[in-house]
>>> print(open('input22.cif').read())   # mmCIF, C-alpha atoms
data_coords
loop_
_atom_site.group_PDB
_atom_site.id
_atom_site.type_symbol
_atom_site.label_atom_id
_atom_site.label_comp_id
_atom_site.auth_asym_id
_atom_site.auth_seq_id
_atom_site.Cartn_x
_atom_site.Cartn_y
_atom_site.Cartn_z
ATOM 1 C CA MET A 282 40.543 -9.870 -2.990
ATOM 2 C CA THR A 283 37.908 -12.178 -1.543
ATOM 3 C CA ARG A 284 38.122 -10.364 1.808
ATOM 4 C CA ARG A 285 37.420 -7.033 0.152
ATOM 5 C CA ARG A 286 34.196 -8.176 -1.496
ATOM 6 C CA PRO A 287 32.115 -8.353 1.705
ATOM 7 C CA LEU A 288 33.425 -4.941 2.728
ATOM 8 C CA LEU A 289 32.558 -3.447 -0.661
ATOM 9 C CA LEU A 290 29.079 -4.987 -0.538
ATOM 10 C CA GLN A 291 28.502 -3.692 2.979
ATOM 11 C CA THR A 292 29.649 -0.224 1.931
ATOM 12 C CA ALA A 293 27.330 -0.263 -1.075
ATOM 13 C CA VAL A 294 24.374 -1.346 1.074
ATOM 14 C CA ALA A 295 25.146 1.372 3.623
ATOM 15 C CA ALA A 296 25.370 4.008 0.881
ATOM 16 C CA VAL A 297 22.008 2.963 -0.585
ATOM 17 C CA LEU A 298 20.331 2.989 2.837
ATOM 18 C CA LEU A 299 21.729 6.432 3.615
ATOM 19 C CA PHE A 300 20.566 7.733 0.243
ATOM 20 C CA LEU A 301 17.055 6.434 0.904
ATOM 21 C CA PHE A 302 16.567 7.262 4.558
ATOM 22 C CA VAL A 303 18.578 10.403 5.341
ATOM 23 C CA PRO A 304 15.944 12.699 3.716
ATOM 24 C CA ILE A 305 13.211 10.914 5.678
ATOM 25 C CA ALA A 306 15.196 11.263 8.893
ATOM 26 C CA ILE A 307 15.591 15.002 8.266
ATOM 27 C CA ILE A 308 11.815 15.428 7.903
ATOM 28 C CA VAL A 309 11.256 13.482 11.117
ATOM 29 C CA VAL A 310 13.714 15.711 12.992
ATOM 30 C CA TYR A 311 12.116 18.865 11.568
ATOM 31 C CA ALA A 312 8.746 17.702 12.941
ATOM 32 C CA PHE A 313 10.128 18.300 16.448
ATOM 33 C CA SER A 314 11.572 21.735 15.699
ATOM 34 C CA ALA A 315 10.181 24.629 17.745
ATOM 35 C CA SER A 316 10.711 27.108 14.905
ATOM 36 C CA ASN A 317 8.343 27.713 12.009
ATOM 37 C CA VAL A 318 11.351 28.161 9.715
ATOM 38 C CA GLN A 319 13.317 25.166 8.507
ATOM 39 C CA SER A 320 16.959 25.780 9.293
ATOM 40 C CA TRP A 321 19.911 23.641 10.230
ATOM 41 C CA PRO A 322 21.055 23.035 12.880
ATOM 42 C CA ILE A 323 17.800 23.078 14.817
ATOM 43 C CA ALA A 324 17.978 25.587 17.663
ATOM 44 C CA ALA A 325 15.265 24.109 19.902
ATOM 45 C CA PHE A 326 12.971 21.124 19.973
ATOM 46 C CA SER A 327 9.272 21.133 20.828
ATOM 47 C CA LEU A 328 5.990 19.239 20.390
ATOM 48 C CA ARG A 329 4.255 22.496 19.509
ATOM 49 C CA TRP A 330 3.468 21.613 15.908
ATOM 50 C CA PHE A 331 1.988 18.257 16.883
ATOM 51 C CA ALA A 332 -0.658 20.105 18.888
ATOM 52 C CA VAL A 333 -1.250 22.539 16.030
ATOM 53 C CA ALA A 334 -1.647 19.747 13.451
ATOM 54 C CA SER A 335 -3.938 17.654 15.662
ATOM 55 C CA ALA A 336 -6.198 20.686 16.231
ATOM 56 C CA ASP A 337 -6.390 21.539 12.527
ATOM 57 C CA GLU A 338 -9.833 20.565 11.220
ATOM 58 C CA GLU A 339 -8.565 20.205 7.634
ATOM 59 C CA VAL A 340 -5.887 17.768 8.707
ATOM 60 C CA ARG A 341 -8.287 15.738 10.815
ATOM 61 C CA ALA A 342 -10.893 15.565 8.047
ATOM 62 C CA ALA A 343 -8.258 14.544 5.485
ATOM 63 C CA PHE A 344 -6.879 11.913 7.871
ATOM 64 C CA VAL A 345 -10.320 10.396 8.462
ATOM 65 C CA LEU A 346 -11.067 10.364 4.734
ATOM 66 C CA SER A 347 -7.768 8.606 3.992
ATOM 67 C CA LEU A 348 -8.507 5.967 6.634
ATOM 68 C CA GLN A 349 -12.004 5.395 5.249
ATOM 69 C CA VAL A 350 -10.818 5.141 1.646
ATOM 70 C CA ALA A 351 -7.940 2.817 2.541
ATOM 71 C CA SER A 352 -10.193 0.576 4.628
ATOM 72 C CA VAL A 353 -12.878 0.178 1.955
ATOM 73 C CA ALA A 354 -10.374 -0.158 -0.908
ATOM 74 C CA THR A 355 -8.407 -2.777 1.027
ATOM 75 C CA THR A 356 -11.548 -4.786 1.795
ATOM 76 C CA LEU A 357 -12.588 -4.810 -1.860
ATOM 77 C CA ALA A 358 -9.035 -5.602 -2.981
ATOM 78 C CA VAL A 359 -8.821 -8.575 -0.615
ATOM 79 C CA LEU A 360 -12.088 -10.036 -1.888
ATOM 80 C CA LEU A 361 -11.459 -9.455 -5.587
ATOM 81 C CA GLY A 362 -7.705 -10.098 -5.511
ATOM 82 C CA THR A 363 -8.088 -13.394 -3.639
ATOM 83 C CA LEU A 364 -10.838 -14.633 -5.951
ATOM 84 C CA ALA A 365 -8.819 -13.615 -9.004
ATOM 85 C CA ALA A 366 -5.722 -15.424 -7.735
ATOM 86 C CA MET A 367 -7.653 -18.617 -7.080
ATOM 87 C CA ALA A 368 -9.274 -18.491 -10.516
ATOM 88 C CA VAL A 369 -5.989 -17.788 -12.340
ATOM 89 C CA ASN A 370 -4.202 -20.538 -10.425
ATOM 90 C CA ARG A 371 -6.560 -23.099 -11.943
ATOM 91 C CA MET A 372 -6.173 -21.883 -15.544
ATOM 92 C CA ALA A 373 -4.067 -23.468 -18.261
ATOM 93 C CA PRO A 374 -0.601 -21.859 -18.753
ATOM 94 C CA GLY A 375 -1.529 -19.839 -21.861
ATOM 95 C CA PRO A 376 -4.699 -18.125 -20.596
ATOM 96 C CA ARG A 377 -3.192 -17.856 -17.121
ATOM 97 C CA ASP A 378 -0.275 -15.775 -18.365
ATOM 98 C CA ALA A 379 -2.532 -13.492 -20.406
ATOM 99 C CA VAL A 380 -4.991 -12.881 -17.562
ATOM 100 C CA SER A 381 -2.183 -12.409 -15.055
ATOM 101 C CA PHE A 382 -0.557 -9.808 -17.304
ATOM 102 C CA ALA A 383 -3.853 -7.930 -17.584
ATOM 103 C CA LEU A 384 -4.349 -7.976 -13.808
ATOM 104 C CA VAL A 385 -0.923 -6.565 -12.950
ATOM 105 C CA LEU A 386 -0.974 -3.937 -15.702
ATOM 106 C CA PRO A 387 -2.640 -1.172 -13.620
ATOM 107 C CA ILE A 388 0.245 -1.055 -11.162
ATOM 108 C CA ALA A 389 2.882 -1.474 -13.885
ATOM 109 C CA LEU A 390 1.646 1.570 -15.783
ATOM 110 C CA PRO A 391 2.627 5.063 -14.611
ATOM 111 C CA GLY A 392 0.141 6.331 -12.060
ATOM 112 C CA ILE A 393 -0.692 9.372 -14.149
ATOM 113 C CA LEU A 394 -1.901 7.137 -17.009
ATOM 114 C CA THR A 395 -4.079 5.098 -14.670
ATOM 115 C CA GLY A 396 -5.465 8.284 -13.136
ATOM 116 C CA MET A 397 -6.227 9.838 -16.523
ATOM 117 C CA ALA A 398 -7.898 6.646 -17.738
ATOM 118 C CA LEU A 399 -10.094 6.431 -14.652
ATOM 119 C CA ASN A 400 -10.974 10.119 -14.898
ATOM 120 C CA ALA A 401 -11.978 9.685 -18.542
ATOM 121 C CA TYR A 402 -14.083 6.647 -17.676
ATOM 122 C CA PHE A 403 -15.876 8.436 -14.825
ATOM 123 C CA SER A 404 -16.565 11.399 -17.090
ATOM 124 C CA ALA A 405 -17.959 9.151 -19.826
ATOM 125 C CA ALA A 406 -20.129 7.346 -17.272
ATOM 126 C CA HIS A 407 -21.337 10.704 -15.881
ATOM 127 C CA MET A 408 -20.076 9.816 -12.393
ATOM 128 C CA ALA A 409 -19.350 12.643 -9.989
ATOM 129 C CA LEU A 410 -15.862 12.546 -8.497
ATOM 130 C CA ASP A 411 -16.337 11.740 -4.824
ATOM 131 C CA PHE A 412 -15.592 9.120 -2.196
ATOM 132 C CA THR A 413 -16.780 6.295 -4.448
ATOM 133 C CA THR A 414 -14.492 7.200 -7.342
ATOM 134 C CA ILE A 415 -11.497 7.481 -5.004
ATOM 135 C CA VAL A 416 -12.234 3.999 -3.647
ATOM 136 C CA ILE A 417 -12.592 2.579 -7.157
ATOM 137 C CA GLY A 418 -9.299 4.149 -8.221
ATOM 138 C CA HIS A 419 -7.449 2.792 -5.191
ATOM 139 C CA THR A 420 -9.028 -0.648 -5.505
ATOM 140 C CA VAL A 421 -7.770 -0.961 -9.084
ATOM 141 C CA PHE A 422 -4.121 -1.031 -8.042
ATOM 142 C CA CYS A 423 -4.605 -2.508 -4.559
ATOM 143 C CA ILE A 424 -6.079 -5.644 -6.148
ATOM 144 C CA VAL A 425 -2.690 -6.286 -7.753
ATOM 145 C CA ILE A 426 -0.924 -6.335 -4.376
ATOM 146 C CA VAL A 427 -3.303 -8.899 -2.916
ATOM 147 C CA TYR A 428 -3.415 -10.892 -6.150
ATOM 148 C CA ASN A 429 0.366 -11.243 -6.377
ATOM 149 C CA ASN A 430 0.705 -12.315 -2.728
ATOM 150 C CA VAL A 431 -2.077 -14.893 -2.857
ATOM 151 C CA LEU A 432 -1.104 -16.301 -6.258
ATOM 152 C CA ALA A 433 2.500 -16.754 -5.150
ATOM 153 C CA ARG A 434 1.302 -18.698 -2.111
ATOM 154 C CA LEU A 435 -1.136 -20.831 -4.106
ATOM 155 C CA ARG A 436 1.602 -21.826 -6.522
ATOM 156 C CA ARG A 437 3.656 -23.112 -3.597
ATOM 157 C CA LEU A 438 0.850 -25.207 -2.110
ATOM 158 C CA PRO A 439 0.830 -28.893 -3.043
ATOM 159 C CA ARG A 440 -2.221 -29.635 -5.190
ATOM 160 C CA SER A 441 -2.433 -33.037 -3.490
ATOM 161 C CA LEU A 442 -4.064 -31.407 -0.462
ATOM 162 C CA THR A 443 -7.109 -30.173 -2.363
ATOM 163 C CA GLU A 444 -7.234 -33.385 -4.366
ATOM 164 C CA ALA A 445 -7.261 -35.411 -1.137
ATOM 165 C CA SER A 446 -10.058 -33.206 0.163
ATOM 166 C CA SER A 447 -12.100 -33.896 -2.970
ATOM 167 C CA ASP A 448 -11.431 -37.630 -2.629
ATOM 168 C CA LEU A 449 -12.889 -37.426 0.876
ATOM 169 C CA TRP A 450 -16.115 -35.931 -0.564
ATOM 170 C CA ALA A 451 -15.493 -32.390 0.648
ATOM 171 C CA GLY A 452 -17.206 -29.751 -1.463
ATOM 172 C CA ALA A 453 -15.468 -26.704 -2.937
ATOM 173 C CA TRP A 454 -16.542 -24.415 -0.087
ATOM 174 C CA ARG A 455 -15.489 -26.889 2.623
ATOM 175 C CA THR A 456 -12.103 -27.402 0.940
ATOM 176 C CA PHE A 457 -11.613 -23.650 0.718
ATOM 177 C CA ARG A 458 -12.624 -23.061 4.336
ATOM 178 C CA LEU A 459 -10.610 -25.872 5.920
ATOM 179 C CA ILE A 460 -7.552 -26.138 3.643
ATOM 180 C CA THR A 461 -7.024 -23.316 1.165
ATOM 181 C CA LEU A 462 -7.949 -20.378 3.402
ATOM 182 C CA PRO A 463 -5.848 -21.384 6.454
ATOM 183 C CA MET A 464 -2.809 -22.017 4.240
ATOM 184 C CA THR A 465 -3.149 -18.708 2.383
ATOM 185 C CA ALA A 466 -4.298 -16.583 5.341
ATOM 186 C CA SER A 467 -0.884 -15.057 5.993
ATOM 187 C CA ALA A 468 -0.471 -14.153 2.296
ATOM 188 C CA ILE A 469 -3.930 -12.569 2.261
ATOM 189 C CA GLY A 470 -3.131 -10.665 5.451
ATOM 190 C CA ALA A 471 0.206 -9.460 4.104
ATOM 191 C CA GLY A 472 -1.442 -8.351 0.865
ATOM 192 C CA ALA A 473 -4.142 -6.507 2.806
ATOM 193 C CA LEU A 474 -1.613 -4.649 4.951
ATOM 194 C CA LEU A 475 0.470 -3.638 1.943
ATOM 195 C CA ALA A 476 -2.651 -2.577 0.045
ATOM 196 C CA PHE A 477 -3.776 -0.441 2.990
ATOM 197 C CA ALA A 478 -0.382 1.276 3.202
ATOM 198 C CA LEU A 479 -0.336 1.873 -0.557
ATOM 199 C CA SER A 480 -3.862 3.286 -0.565
ATOM 200 C CA PHE A 481 -3.256 5.523 2.435
ATOM 201 C CA ASP A 482 -0.192 7.117 0.782
ATOM 202 C CA GLU A 483 -1.516 7.371 -2.801
ATOM 203 C CA VAL A 484 -1.372 10.785 -4.483
ATOM 204 C CA ILE A 485 -1.326 10.593 -8.295
ATOM 205 C CA VAL A 486 -4.413 8.477 -8.968
ATOM 206 C CA THR A 487 -6.254 10.276 -6.162
ATOM 207 C CA THR A 488 -5.615 13.623 -7.858
ATOM 208 C CA PHE A 489 -7.637 12.478 -10.875
ATOM 209 C CA THR A 490 -10.440 10.775 -8.922
ATOM 210 C CA ALA A 491 -10.983 12.898 -5.799
ATOM 211 C CA GLY A 492 -12.871 15.899 -7.150
ATOM 212 C CA VAL A 493 -13.306 18.290 -4.217
ATOM 213 C CA GLN A 494 -12.394 15.616 -1.662
ATOM 214 C CA THR A 495 -9.036 15.973 0.090
ATOM 215 C CA THR A 496 -7.145 12.975 1.407
ATOM 216 C CA LEU A 497 -4.162 13.399 3.694
ATOM 217 C CA PRO A 498 -1.536 13.060 0.917
ATOM 218 C CA LEU A 499 -3.445 15.628 -1.162
ATOM 219 C CA TRP A 500 -3.512 17.975 1.832
ATOM 220 C CA VAL A 501 0.265 17.606 2.179
ATOM 221 C CA LEU A 502 0.750 18.347 -1.518
ATOM 222 C CA GLY A 503 -1.433 21.453 -1.317
ATOM 223 C CA ALA A 504 0.253 22.722 1.850
ATOM 224 C CA ILE A 505 3.688 22.325 0.275
ATOM 225 C CA ARG A 506 2.578 24.330 -2.753
ATOM 226 C CA LEU A 507 1.422 27.173 -0.495
ATOM 227 C CA GLY A 508 4.673 26.987 1.466
ATOM 228 C CA GLN A 509 3.170 28.567 4.580
ATOM 229 C CA ARG A 510 2.434 25.506 6.731
ATOM 230 C CA LEU A 511 5.653 23.529 6.465
ATOM 231 C CA PRO A 512 5.880 22.779 10.223
ATOM 232 C CA GLU A 513 2.434 21.148 10.090
ATOM 233 C CA VAL A 514 3.422 19.314 6.928
ATOM 234 C CA ASN A 515 6.462 17.850 8.689
ATOM 235 C CA VAL A 516 4.275 16.584 11.520
ATOM 236 C CA VAL A 517 1.721 15.072 9.132
ATOM 237 C CA VAL A 518 4.471 13.434 7.072
ATOM 238 C CA PHE A 519 5.940 11.995 10.274
ATOM 239 C CA ALA A 520 2.525 10.536 11.148
ATOM 240 C CA VAL A 521 2.142 9.098 7.636
ATOM 241 C CA ILE A 522 5.583 7.492 7.867
ATOM 242 C CA VAL A 523 4.657 5.829 11.153
ATOM 243 C CA LEU A 524 1.287 4.651 9.828
ATOM 244 C CA THR A 525 2.989 3.260 6.724
ATOM 245 C CA ILE A 526 5.805 1.493 8.560
ATOM 246 C CA LEU A 527 3.405 -0.419 10.817
ATOM 247 C CA PRO A 528 1.433 -2.316 8.127
ATOM 248 C CA VAL A 529 4.508 -2.830 5.953
ATOM 249 C CA GLY A 530 6.422 -4.241 8.928
ATOM 250 C CA LEU A 531 3.538 -6.540 9.852
ATOM 251 C CA ALA A 532 3.228 -7.663 6.240
ATOM 252 C CA GLN A 533 6.920 -8.519 6.113
ATOM 253 C CA LYS A 534 6.601 -10.474 9.355
ATOM 254 C CA LEU A 535 3.633 -12.439 8.031
ATOM 255 C CA THR A 536 5.459 -13.188 4.783
ATOM 256 C CA GLY A 537 8.603 -14.267 6.631
ATOM 257 C CA GLU A 538 6.706 -16.526 9.005
ATOM 258 C CA ALA A 539 4.809 -18.120 6.139
ATOM 259 C CA GLY A 540 8.066 -18.748 4.297
ATOM 260 C CA GLN A 541 9.455 -20.597 7.299
ATOM 261 C CA LEU A 542 6.337 -22.726 7.616
ATOM 262 C CA HIS A 543 6.480 -23.859 4.016
ATOM 263 C CA LYS A 544 10.128 -24.735 3.773
#
>>> encode(input="input22.cif", output="structure tokens")
Amino acid sequence: MTRRRPLLLQTAVAAVLLFLFVPIAIIVVYAFSASNVQSWPIAAFSLRWFAVASADEEVRAAFVLSLQVASVATTLAVLLGTLAAMAVNRMAPGPRDAVSFALVLPIALPGILTGMALNAYFSAAHMALDFTTIVIGHTVFCIVIVYNNVLARLRRLPRSLTEASSDLWAGAWRTFRLITLPMTASAIGAGALLAFALSFDEVIVTTFTAGVQTTLPLWVLGAIRLGQRLPEVNVVVFAVIVLTILPVGLAQKLTGEAGQLHK
């Protein structure tokens, strides 16, 4: 019986992985199909649609906009999320729990509720839906990613280090620069990479905050609805998968390395 348990667990893990990644693998394979009709098995392979997608001005403009939004939203999330984590870490248990709950609520709520709330706020504030509103919407939930990573690291750091720094007459900024920041740098970096990936792929909140702007995920959604540019969609989705895997993989590496250092 005990010998069967590892086999059953391995089978369950394999089944879950297949369920998650087989559809993604199919899209990746379709990106290299020479035909403009999705059919299986694929008769011939080609890089034709990569050239078509890269020459498409709509795709290029949407790609650039997504990069710009993700970059700005990630920068703001790193600044605000790190500061919030450091402030919450110093609070008493009661207020700390309440503030922490409020900070993580935007990502816990369904995206459509967050998007509707932001849209209502922008309308009430008479703000036009443009690049700025997209960045604000993305920053709201990206802050949570950075906040959770940094707070988890701060809780693992021995308070004696900062106390020793204070005993040696180091000011708050010097203690932060020489002790706190180096020891939380990997957590901040991991949070930034995850926030960038999340922002780059975001659809629901962007739908309510973009106005006439079109990010790459919104372009994919619109092209799927039309149903006439599926080969290009497959190529764009393949590119998005690659661009998402890279920061997520780097974030996991940073988190893993940090965990080994603090054992």
>>> resolve_selection(input="input22.cif", expression="the PyMOL selection byres ((chain A and resi 488) around 12)", output="PyMOL selection string")
chain A and resi 392-397+399-400+410-411+414-415+418-419+483-487+489-500+502-503
>>> resolve_selection(input="input22.cif", expression="the PyMOL selection byres ((chain A and resi 470) around 10)", output="list in words")
Val359, Val427, Asn430, Val431, Thr465, Ala466, Ser467, Ala468, Ile469, Ala471, Gly472, Ala473, Leu474, Leu475, Ala476, Pro528, Leu531, Ala532, Leu535 and Thr536 of chain A
>>> resolve_selection(input="input22.cif", expression="the PyMOL selection byres ((chain A and resi 385) around 10)", output="number ranges by chain")
A: 380-384, 386-390, 421-422, 424-426, 428-429
>>> atom_distance(input="input22.cif", atom1="CA of Val523 in chain A", atom2="CA of Ser335 in chain A")
15.3 Å
>>> atom_distance(input="input22.cif", atom1="CA of Met408 in chain A", atom2="CA of Leu348 in chain A")
22.6 Å
>>> closest_residue(input="input22.cif", among="A:Ala406, A:Ala520, A:Met367, A:Val303", to="Leu438 in chain A", atoms="all atoms listed in the file")
A:Met367
>>> atom_distance(input="input22.cif", atom1="CA of Pro512 in chain A", atom2="CA of Val297 in chain A")
27.7 Å
>>> axis_aligned_box(input="input22.cif", around="range 521-531 of chain A", padding_each_side="6 Å", output="AutoDock Vina command-line options")
--center_x 3.9 --center_y 1.3 --center_z 8.6 --size_x 17.1 --size_y 27.6 --size_z 17.2
>>> residues_near_point(input="input22.cif", point="(14.3, 13.3, 7.4)", cutoff="12 Å", atoms="all atoms listed in the file", output="list of chain:residue names")
A:Leu299, A:Phe300, A:Leu301, A:Phe302, A:Val303, A:Pro304, A:Ile305, A:Ala306, A:Ile307, A:Ile308, A:Val309, A:Val310, A:Tyr311, A:Ala312, A:Phe313, A:Gln319, A:Asn515, A:Val516, A:Val518, A:Phe519, A:Ile522
>>> decode(input="input22.cif", residues="range 456-483 of chain A", atoms="N, CA and C atoms", output="compact mmCIF listing (two decimals), in the first residue's frame")
# COMPACT_ATOMS: atom_id res chain seq x y z
N THR A 456 20.13 52.74 7.85
CA THR A 456 19.76 51.35 8.18
C THR A 456 19.02 50.70 7.01
N PHE A 457 18.13 51.46 6.40
CA PHE A 457 17.40 50.93 5.24
C PHE A 457 18.35 50.62 4.09
N ARG A 458 19.27 51.54 3.81
CA ARG A 458 20.15 51.40 2.66
C ARG A 458 21.17 50.28 2.83
N LEU A 459 21.69 50.10 4.03
CA LEU A 459 22.77 49.15 4.25
C LEU A 459 22.31 47.79 4.78
N ILE A 460 21.11 47.73 5.38
CA ILE A 460 20.67 46.46 5.98
C ILE A 460 19.37 45.97 5.37
N THR A 461 18.32 46.79 5.49
CA THR A 461 16.99 46.33 5.07
C THR A 461 16.93 46.09 3.57
N LEU A 462 17.38 47.06 2.78
CA LEU A 462 17.28 46.93 1.33
C LEU A 462 18.07 45.75 0.77
N PRO A 463 19.35 45.56 1.15
CA PRO A 463 20.07 44.39 0.62
C PRO A 463 19.42 43.06 0.98
N MET A 464 18.81 42.98 2.17
CA MET A 464 18.24 41.71 2.61
C MET A 464 16.83 41.48 2.05
N THR A 465 16.22 42.51 1.51
CA THR A 465 14.90 42.35 0.89
C THR A 465 14.95 42.53 -0.63
N ALA A 466 16.14 42.75 -1.17
CA ALA A 466 16.26 43.06 -2.61
C ALA A 466 15.71 41.95 -3.48
N SER A 467 15.99 40.70 -3.14
CA SER A 467 15.50 39.60 -3.96
C SER A 467 13.98 39.49 -3.91
N ALA A 468 13.39 39.77 -2.73
CA ALA A 468 11.92 39.74 -2.61
C ALA A 468 11.30 40.88 -3.41
N ILE A 469 11.93 42.06 -3.38
CA ILE A 469 11.44 43.18 -4.17
C ILE A 469 11.55 42.87 -5.66
N GLY A 470 12.69 42.29 -6.06
CA GLY A 470 12.87 41.93 -7.46
C GLY A 470 11.87 40.88 -7.92
N ALA A 471 11.64 39.87 -7.09
CA ALA A 471 10.67 38.84 -7.45
C ALA A 471 9.27 39.43 -7.56
N GLY A 472 8.92 40.31 -6.63
CA GLY A 472 7.61 40.96 -6.68
C GLY A 472 7.46 41.81 -7.93
N ALA A 473 8.53 42.51 -8.30
CA ALA A 473 8.49 43.35 -9.50
C ALA A 473 8.30 42.51 -10.76
N LEU A 474 9.00 41.41 -10.86
CA LEU A 474 8.88 40.54 -12.04
C LEU A 474 7.48 39.95 -12.15
N LEU A 475 6.94 39.49 -11.02
CA LEU A 475 5.59 38.94 -11.03
C LEU A 475 4.55 40.01 -11.35
N ALA A 476 4.76 41.21 -10.81
CA ALA A 476 3.83 42.31 -11.09
C ALA A 476 3.87 42.68 -12.57
N PHE A 477 5.05 42.69 -13.16
CA PHE A 477 5.18 43.00 -14.59
C PHE A 477 4.43 41.97 -15.42
N ALA A 478 4.63 40.69 -15.10
CA ALA A 478 3.95 39.63 -15.86
C ALA A 478 2.44 39.74 -15.70
N LEU A 479 1.98 40.03 -14.49
CA LEU A 479 0.54 40.15 -14.25
C LEU A 479 -0.05 41.34 -15.00
N SER A 480 0.67 42.45 -14.99
CA SER A 480 0.19 43.64 -15.69
C SER A 480 0.17 43.43 -17.20
N PHE A 481 1.20 42.81 -17.71
CA PHE A 481 1.30 42.61 -19.16
C PHE A 481 0.16 41.74 -19.69
N ASP A 482 -0.31 40.79 -18.87
CA ASP A 482 -1.34 39.84 -19.31
C ASP A 482 -2.76 40.28 -18.96
N GLU A 483 -2.93 41.35 -18.20
CA GLU A 483 -4.24 41.68 -17.63
C GLU A 483 -5.26 42.08 -18.70
